[in-house]
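J.: To be precise about what I am sending: the file is called target-v2.cif and holds mmCIF, N, CA and C atoms and all ligand atoms.
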```cif
data_coords
loop_
_atom_site.label_atom_id
_atom_site.label_comp_id
_atom_site.auth_asym_id
_atom_site.auth_seq_id
_atom_site.Cartn_x
_atom_site.Cartn_y
_atom_site.Cartn_z
N MET A 1 127.73 82.78 11.01
CA MET A 1 127.48 82.09 9.75
C MET A 1 127.68 83.06 8.60
N ASN A 2 128.38 82.61 7.56
CA ASN A 2 128.62 83.47 6.40
C ASN A 2 127.36 83.62 5.58
N GLU A 3 127.12 84.84 5.12
CA GLU A 3 126.00 85.08 4.22
C GLU A 3 126.43 84.72 2.80
N PRO A 4 125.50 84.29 1.95
CA PRO A 4 125.89 83.93 0.58
C PRO A 4 126.40 85.15 -0.17
N ARG A 5 127.42 84.92 -0.99
CA ARG A 5 127.98 86.06 -1.72
C ARG A 5 127.09 86.44 -2.90
N PHE A 6 126.76 85.47 -3.76
CA PHE A 6 125.89 85.76 -4.89
C PHE A 6 124.47 85.34 -4.55
N VAL A 7 123.54 86.27 -4.71
CA VAL A 7 122.16 86.05 -4.32
C VAL A 7 121.27 86.16 -5.56
N ALA A 8 120.46 85.13 -5.79
CA ALA A 8 119.53 85.15 -6.94
C ALA A 8 118.45 86.19 -6.68
N VAL A 9 118.22 87.05 -7.69
CA VAL A 9 117.24 88.13 -7.53
C VAL A 9 116.15 88.09 -8.59
N ALA A 10 116.34 87.32 -9.65
CA ALA A 10 115.34 87.24 -10.73
C ALA A 10 115.72 86.05 -11.61
N THR A 11 114.78 85.65 -12.44
CA THR A 11 115.12 84.67 -13.46
C THR A 11 115.32 85.39 -14.79
N LEU A 12 116.00 84.75 -15.69
CA LEU A 12 116.18 85.36 -17.02
C LEU A 12 114.84 85.55 -17.71
N ASP A 13 113.88 84.64 -17.45
CA ASP A 13 112.55 84.77 -18.05
C ASP A 13 111.85 86.05 -17.58
N GLU A 14 112.18 86.50 -16.38
CA GLU A 14 111.56 87.73 -15.85
C GLU A 14 112.23 88.99 -16.39
N LEU A 15 113.31 88.80 -17.13
CA LEU A 15 114.09 89.94 -17.62
C LEU A 15 114.36 89.75 -19.11
N PRO A 16 113.34 89.95 -19.93
CA PRO A 16 113.54 89.76 -21.38
C PRO A 16 114.59 90.73 -21.93
N ASP A 17 115.16 90.36 -23.05
CA ASP A 17 116.17 91.18 -23.70
C ASP A 17 115.66 92.62 -23.88
N GLY A 18 116.47 93.59 -23.51
CA GLY A 18 116.13 94.99 -23.70
C GLY A 18 115.33 95.61 -22.57
N THR A 19 115.10 94.85 -21.51
CA THR A 19 114.28 95.39 -20.42
C THR A 19 115.12 95.73 -19.19
N PHE A 20 114.49 96.50 -18.31
CA PHE A 20 115.06 96.89 -17.03
C PHE A 20 114.12 96.36 -15.94
N ARG A 21 114.69 96.12 -14.77
CA ARG A 21 113.87 95.64 -13.65
C ARG A 21 114.45 96.18 -12.35
N ARG A 22 113.60 96.77 -11.53
CA ARG A 22 114.04 97.24 -10.22
C ARG A 22 114.03 96.07 -9.24
N ILE A 23 115.03 96.04 -8.39
CA ILE A 23 115.09 95.01 -7.35
C ILE A 23 115.55 95.66 -6.04
N LEU A 24 115.36 94.94 -4.97
CA LEU A 24 115.97 95.30 -3.70
C LEU A 24 116.95 94.20 -3.31
N LEU A 25 118.13 94.62 -2.88
CA LEU A 25 119.11 93.66 -2.38
C LEU A 25 119.81 94.30 -1.19
N GLU A 26 119.83 93.60 -0.08
CA GLU A 26 120.43 94.14 1.14
C GLU A 26 119.75 95.44 1.56
N GLY A 27 118.50 95.64 1.14
CA GLY A 27 117.78 96.85 1.49
C GLY A 27 118.05 98.03 0.58
N TYR A 28 118.81 97.81 -0.49
CA TYR A 28 119.14 98.90 -1.41
C TYR A 28 118.44 98.68 -2.74
N GLY A 29 117.97 99.77 -3.33
CA GLY A 29 117.35 99.71 -4.63
C GLY A 29 118.39 99.64 -5.73
N LEU A 30 118.32 98.60 -6.52
CA LEU A 30 119.22 98.42 -7.66
C LEU A 30 118.39 98.25 -8.91
N VAL A 31 119.03 98.30 -10.05
CA VAL A 31 118.37 98.04 -11.32
C VAL A 31 119.14 96.97 -12.06
N LEU A 32 118.40 96.04 -12.64
CA LEU A 32 118.96 95.07 -13.58
C LEU A 32 118.60 95.53 -14.98
N ALA A 33 119.51 95.35 -15.91
CA ALA A 33 119.22 95.66 -17.32
C ALA A 33 119.82 94.56 -18.16
N ARG A 34 119.03 94.05 -19.09
CA ARG A 34 119.50 92.96 -19.95
C ARG A 34 119.66 93.46 -21.38
N GLN A 35 120.84 93.15 -21.93
CA GLN A 35 121.12 93.44 -23.33
C GLN A 35 121.64 92.14 -23.94
N GLY A 36 120.81 91.45 -24.70
CA GLY A 36 121.22 90.16 -25.24
C GLY A 36 121.46 89.18 -24.11
N SER A 37 122.65 88.58 -24.12
CA SER A 37 122.96 87.61 -23.07
C SER A 37 123.64 88.25 -21.86
N THR A 38 123.81 89.57 -21.90
CA THR A 38 124.49 90.26 -20.80
C THR A 38 123.47 90.92 -19.88
N VAL A 39 123.67 90.74 -18.58
CA VAL A 39 122.83 91.42 -17.58
C VAL A 39 123.74 92.31 -16.75
N TYR A 40 123.31 93.56 -16.59
CA TYR A 40 124.03 94.53 -15.77
C TYR A 40 123.24 94.75 -14.49
N ALA A 41 123.95 95.06 -13.42
CA ALA A 41 123.32 95.46 -12.16
C ALA A 41 123.99 96.74 -11.71
N PHE A 42 123.18 97.75 -11.38
CA PHE A 42 123.76 99.04 -10.98
C PHE A 42 122.82 99.73 -10.02
N GLN A 43 123.31 100.80 -9.42
CA GLN A 43 122.51 101.55 -8.44
C GLN A 43 121.22 102.02 -9.09
N GLY A 44 120.17 102.14 -8.25
CA GLY A 44 118.85 102.40 -8.80
C GLY A 44 118.60 103.83 -9.18
N THR A 45 119.38 104.76 -8.62
CA THR A 45 119.12 106.17 -8.91
C THR A 45 120.38 106.83 -9.44
N CYS A 46 120.16 107.85 -10.25
CA CYS A 46 121.27 108.54 -10.92
C CYS A 46 122.13 109.28 -9.90
N PRO A 47 123.46 109.21 -10.05
CA PRO A 47 124.33 109.96 -9.15
C PRO A 47 124.13 111.48 -9.24
N HIS A 48 123.51 111.97 -10.29
CA HIS A 48 123.31 113.41 -10.42
C HIS A 48 122.17 113.88 -9.53
N GLU A 49 120.93 113.63 -9.91
CA GLU A 49 119.79 114.08 -9.10
C GLU A 49 118.78 112.96 -8.85
N LYS A 50 119.29 111.74 -8.79
CA LYS A 50 118.53 110.59 -8.32
C LYS A 50 117.32 110.21 -9.19
N ALA A 51 117.42 110.44 -10.47
CA ALA A 51 116.37 109.92 -11.36
C ALA A 51 116.35 108.40 -11.29
N ASP A 52 115.20 107.84 -11.53
CA ASP A 52 115.02 106.38 -11.53
C ASP A 52 115.68 105.80 -12.79
N LEU A 53 116.77 105.09 -12.59
CA LEU A 53 117.53 104.59 -13.75
C LEU A 53 116.87 103.41 -14.43
N SER A 54 115.81 102.85 -13.84
CA SER A 54 115.08 101.80 -14.56
C SER A 54 114.29 102.39 -15.72
N GLN A 55 114.21 103.72 -15.77
CA GLN A 55 113.52 104.40 -16.88
C GLN A 55 114.52 104.85 -17.95
N GLY A 56 115.78 104.47 -17.77
CA GLY A 56 116.80 104.89 -18.74
C GLY A 56 116.82 103.99 -19.96
N ARG A 57 117.87 104.15 -20.75
CA ARG A 57 118.06 103.29 -21.91
C ARG A 57 119.56 103.02 -22.07
N ILE A 58 119.88 102.01 -22.84
CA ILE A 58 121.27 101.65 -23.07
C ILE A 58 121.58 101.83 -24.54
N GLU A 59 122.68 102.55 -24.79
CA GLU A 59 123.15 102.76 -26.16
C GLU A 59 124.66 102.60 -26.19
N ASP A 60 125.14 101.77 -27.08
CA ASP A 60 126.58 101.60 -27.28
C ASP A 60 127.32 101.37 -25.97
N GLY A 61 126.77 100.50 -25.13
CA GLY A 61 127.44 100.14 -23.89
C GLY A 61 127.38 101.19 -22.80
N ARG A 62 126.51 102.17 -22.98
CA ARG A 62 126.37 103.23 -21.97
C ARG A 62 124.92 103.32 -21.52
N LEU A 63 124.75 103.58 -20.22
CA LEU A 63 123.42 103.81 -19.67
C LEU A 63 123.11 105.29 -19.75
N ILE A 64 121.97 105.63 -20.33
CA ILE A 64 121.57 107.03 -20.48
C ILE A 64 120.51 107.33 -19.42
N CYS A 65 120.77 108.33 -18.58
CA CYS A 65 119.81 108.74 -17.56
C CYS A 65 118.60 109.38 -18.24
N PRO A 66 117.38 109.05 -17.76
CA PRO A 66 116.19 109.59 -18.42
C PRO A 66 115.94 111.07 -18.15
N ARG A 67 116.56 111.62 -17.10
CA ARG A 67 116.21 113.00 -16.74
C ARG A 67 117.03 114.04 -17.49
N HIS A 68 118.35 114.00 -17.33
CA HIS A 68 119.19 115.04 -17.96
C HIS A 68 120.17 114.45 -18.97
N LEU A 69 120.04 113.13 -19.22
CA LEU A 69 120.76 112.47 -20.31
C LEU A 69 122.26 112.32 -20.10
N ALA A 70 122.74 112.41 -18.85
CA ALA A 70 124.13 111.99 -18.60
C ALA A 70 124.22 110.52 -19.00
N SER A 71 125.40 110.09 -19.43
CA SER A 71 125.54 108.67 -19.74
C SER A 71 126.70 108.09 -18.94
N TYR A 72 126.54 106.84 -18.59
CA TYR A 72 127.50 106.14 -17.73
C TYR A 72 127.99 104.88 -18.42
N SER A 73 129.29 104.68 -18.38
CA SER A 73 129.86 103.45 -18.92
C SER A 73 129.35 102.24 -18.14
N LEU A 74 128.95 101.21 -18.84
CA LEU A 74 128.54 99.98 -18.17
C LEU A 74 129.72 99.04 -17.94
N VAL A 75 130.94 99.53 -18.25
CA VAL A 75 132.15 98.78 -17.93
C VAL A 75 132.71 99.25 -16.58
N ASP A 76 132.87 100.55 -16.43
CA ASP A 76 133.48 101.06 -15.20
C ASP A 76 132.66 102.13 -14.48
N GLY A 77 131.50 102.50 -15.02
CA GLY A 77 130.61 103.46 -14.36
C GLY A 77 130.93 104.92 -14.61
N HIS A 78 132.01 105.20 -15.33
CA HIS A 78 132.39 106.61 -15.53
C HIS A 78 131.33 107.37 -16.29
N VAL A 79 131.12 108.61 -15.85
CA VAL A 79 130.10 109.46 -16.47
C VAL A 79 130.67 110.11 -17.73
N SER A 80 129.76 110.55 -18.59
CA SER A 80 130.17 111.21 -19.82
C SER A 80 130.86 112.54 -19.51
N ARG A 81 131.64 112.99 -20.45
CA ARG A 81 132.46 114.20 -20.30
C ARG A 81 131.58 115.41 -19.95
N GLY A 82 132.09 116.24 -19.05
CA GLY A 82 131.41 117.48 -18.71
C GLY A 82 130.55 117.39 -17.46
N TRP A 83 130.35 116.19 -16.95
CA TRP A 83 129.54 116.03 -15.74
C TRP A 83 130.44 115.91 -14.53
N LYS A 84 130.08 116.59 -13.45
CA LYS A 84 130.85 116.54 -12.19
C LYS A 84 130.05 115.75 -11.17
N VAL A 85 129.86 114.48 -11.43
CA VAL A 85 129.12 113.61 -10.51
C VAL A 85 129.91 112.32 -10.31
N ASP A 86 129.55 111.60 -9.28
CA ASP A 86 130.22 110.33 -9.01
C ASP A 86 129.95 109.34 -10.13
N ALA A 87 130.83 108.36 -10.21
CA ALA A 87 130.62 107.27 -11.17
C ALA A 87 129.42 106.42 -10.74
N LEU A 88 128.81 105.79 -11.70
CA LEU A 88 127.72 104.85 -11.43
C LEU A 88 128.30 103.62 -10.74
N LYS A 89 127.64 103.15 -9.70
CA LYS A 89 128.10 101.93 -9.04
C LYS A 89 127.50 100.72 -9.74
N LEU A 90 128.39 99.85 -10.17
CA LEU A 90 128.02 98.61 -10.87
C LEU A 90 128.34 97.43 -9.96
N TYR A 91 127.55 96.38 -10.08
CA TYR A 91 127.76 95.22 -9.22
C TYR A 91 127.88 93.96 -10.06
N PRO A 92 128.78 93.05 -9.65
CA PRO A 92 128.98 91.82 -10.42
C PRO A 92 127.71 90.96 -10.50
N VAL A 93 127.51 90.38 -11.68
CA VAL A 93 126.34 89.56 -11.96
C VAL A 93 126.82 88.18 -12.42
N ARG A 94 126.13 87.16 -11.97
CA ARG A 94 126.34 85.80 -12.49
C ARG A 94 125.00 85.26 -12.95
N ILE A 95 125.02 84.56 -14.07
CA ILE A 95 123.83 83.86 -14.53
C ILE A 95 124.05 82.39 -14.18
N GLN A 96 123.16 81.84 -13.35
CA GLN A 96 123.32 80.47 -12.90
C GLN A 96 121.99 79.75 -13.05
N ASN A 97 121.97 78.73 -13.90
CA ASN A 97 120.76 77.91 -14.07
C ASN A 97 119.52 78.76 -14.36
N GLY A 98 119.68 79.75 -15.24
CA GLY A 98 118.56 80.59 -15.62
C GLY A 98 118.19 81.64 -14.61
N GLU A 99 118.99 81.79 -13.56
CA GLU A 99 118.74 82.82 -12.56
C GLU A 99 119.82 83.89 -12.61
N VAL A 100 119.41 85.10 -12.30
CA VAL A 100 120.34 86.23 -12.23
C VAL A 100 120.74 86.40 -10.77
N ALA A 101 122.03 86.30 -10.50
CA ALA A 101 122.52 86.42 -9.13
C ALA A 101 123.48 87.61 -9.05
N ILE A 102 123.34 88.38 -7.98
CA ILE A 102 124.15 89.59 -7.77
C ILE A 102 125.10 89.37 -6.60
N ASP A 103 126.28 89.96 -6.70
CA ASP A 103 127.27 89.88 -5.64
C ASP A 103 126.81 90.75 -4.46
N ALA A 104 126.17 90.14 -3.50
CA ALA A 104 125.64 90.88 -2.35
C ALA A 104 126.75 91.44 -1.48
N GLU A 105 127.89 90.75 -1.45
CA GLU A 105 129.02 91.26 -0.67
C GLU A 105 129.50 92.59 -1.25
N ALA A 106 129.51 92.71 -2.58
CA ALA A 106 129.90 93.98 -3.21
C ALA A 106 128.92 95.09 -2.86
N VAL A 107 127.63 94.75 -2.75
CA VAL A 107 126.62 95.75 -2.37
C VAL A 107 126.83 96.17 -0.92
N ARG A 108 127.09 95.20 -0.05
CA ARG A 108 127.34 95.53 1.36
C ARG A 108 128.60 96.38 1.52
N ARG A 109 129.63 96.05 0.74
CA ARG A 109 130.93 96.73 0.85
C ARG A 109 130.87 98.16 0.30
N ASP A 110 130.13 98.35 -0.79
CA ASP A 110 130.08 99.66 -1.46
C ASP A 110 128.64 99.93 -1.88
N PRO A 111 127.77 100.22 -0.92
CA PRO A 111 126.34 100.35 -1.25
C PRO A 111 126.06 101.58 -2.09
N PRO A 112 124.97 101.52 -2.87
CA PRO A 112 124.57 102.69 -3.63
C PRO A 112 124.21 103.83 -2.68
N GLY A 113 124.39 105.05 -3.14
CA GLY A 113 124.03 106.20 -2.32
C GLY A 113 122.53 106.35 -2.23
N GLY A 114 122.12 107.29 -1.43
CA GLY A 114 120.68 107.56 -1.31
C GLY A 114 120.06 106.72 -0.22
N ALA A 115 118.77 106.92 -0.07
CA ALA A 115 118.05 106.27 1.01
C ALA A 115 117.89 104.78 0.75
N ARG A 116 117.85 104.02 1.82
CA ARG A 116 117.55 102.59 1.70
C ARG A 116 116.08 102.42 1.38
N LYS A 117 115.76 101.30 0.74
CA LYS A 117 114.38 100.95 0.40
C LYS A 117 113.67 102.14 -0.27
N VAL A 118 114.21 102.55 -1.40
CA VAL A 118 113.71 103.74 -2.06
C VAL A 118 112.40 103.50 -2.80
N TRP A 119 112.02 102.24 -2.98
CA TRP A 119 110.79 101.97 -3.68
C TRP A 119 109.82 101.23 -2.79
N ASP A 120 108.55 101.44 -3.02
CA ASP A 120 107.53 100.60 -2.41
C ASP A 120 107.49 99.32 -3.22
N PHE A 121 108.07 98.29 -2.70
CA PHE A 121 108.38 97.12 -3.50
C PHE A 121 107.85 95.89 -2.79
N THR A 122 107.14 95.08 -3.49
CA THR A 122 106.51 93.94 -2.84
C THR A 122 107.38 92.70 -2.87
N GLY A 123 108.52 92.76 -3.54
CA GLY A 123 109.46 91.64 -3.52
C GLY A 123 109.17 90.63 -4.60
N PRO A 124 110.18 89.77 -4.86
CA PRO A 124 110.04 88.78 -5.92
C PRO A 124 109.05 87.68 -5.56
S1 LIG A 201 119.30 113.02 -12.77
FE1 LIG A 201 120.46 111.81 -14.13
S2 LIG A 201 121.55 113.22 -15.35
FE2 LIG A 201 120.42 114.43 -13.94
#
```
Could you quickly redo this structure as structure tokens?
Ligand code: FES

T.:
Amino acid sequence: MNEPRFVAVATLDELPDGTFRRILLEGYGLVLARQGSTVYAFQGTCPHEKADLSQGRIEDGRLICPRHLASYSLVDGHVSRGWKVDALKLYPVRIQNGEVAIDAEAVRRDPPGGARKVWDFTGP
């Protein structure tokens, strides 16, 4: 049996404008971030030294890591100049009937690095 491709992980009401939210999908820690009507989904920890990216901020379309301030494009994941780290992994998002759904197949195909189930998380 085929698994669903897009999986609802939160409602828009649970993700007010300007906020971040940690989620688990397929056993991997991801972060959702909402800017206006746009929701981004990306790996939960920084490719540099695994800082919690739900503590970051977004400026001019870039995610700023809270620890050493590397910034990542929210279009293609590329890191700011001068950093020798992998690109940030971004995952497709759909907003459907007030729910935020993530492409679980993309997560399975190219999972974020680091340990699985990185947070003590009680689930939605
Ligand atoms: S841990 Fe993110 S820039 Fe170092």

J.: Residues within 6 Å of ligand LIG 201 (chain A), counting only C-alpha atoms and all ligand atoms: report them as a PyMOL selection string.

T.: chain A and resi 46+48-51+65+67-70

J.: Counting all atoms listed in the file, what is within 8 Å of stretch 105-109 of chain A, bar same-chain residues fewer than 2 positions away, as an NGL selection string?

T.: :A and (3-7 or 25-26 or 90-92 or 102-103 or 111-112)

J.: What is the distance, in Å and to one decimal place, between atom C of A:Val31 and atom C of A:Val75?

T.: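 It comes out at 14.5 Å.
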
J.: Just to confirm, what's the straight-line distance from atom CA of A:Ile95 to atom N of A:Gln43 in Å (one decimal)?

T.: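 We find that atom CA of A:Ile95 and atom N of A:Gln43 lie 17.7 Å from each other.
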
J.: In Å, with one decimal, what is the gap from atom C of A:Asp17 to atom C of A:Arg34?

T.: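 The value is 4.8 Å.
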
J.: So which residues of chain A fall under helix (DSSP H, G or I) by DSSP, listed as JSON, numbers by chain?

T.: {"A": [12, 13, 14, 53, 54, 55, 104, 105, 106, 107, 108, 109]}

J.: Once DSSP has gone over the backbone, tell me which residues of chain A are in strand (DSSP E), as number ranges by chain.

T.: A: 6-11, 20-25, 28-35, 38-43, 57-59, 62-64, 71-73, 90-91, 93-96, 99-103

J.: Using only C-alpha atoms for the distances, tell me which of A:Val100, A:Pro66, A:Gly61, A:Thr45 is nearest to A:Leu88.

T.: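 Of A:Val100, A:Pro66, A:Gly61, A:Thr45, the one nearest A:Leu88 is A:Thr45, counting only C-alpha atoms.
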
J.: Could you check which of A:Gly77, A:Gly98, A:Gly44, A:Gly56 is closest to A:Tyr28, using only N, CA and C atoms?

T.: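 Checking each of A:Gly77, A:Gly98, A:Gly44, A:Gly56 against A:Tyr28, counting only N, CA and C atoms, the winner is A:Gly44.
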
J.: With 5 Å added on each side, what axis-aligned box encloses every listed atom of stretch 30-35 of chain A? Give the centre and edge lengths in Å to one decimal, as JSON.

T.:
```
{"center_x": 120.0, "center_y": 95.4, "center_z": -15.2, "size_x": 13.3, "size_y": 16.5, "size_z": 27.4}
```
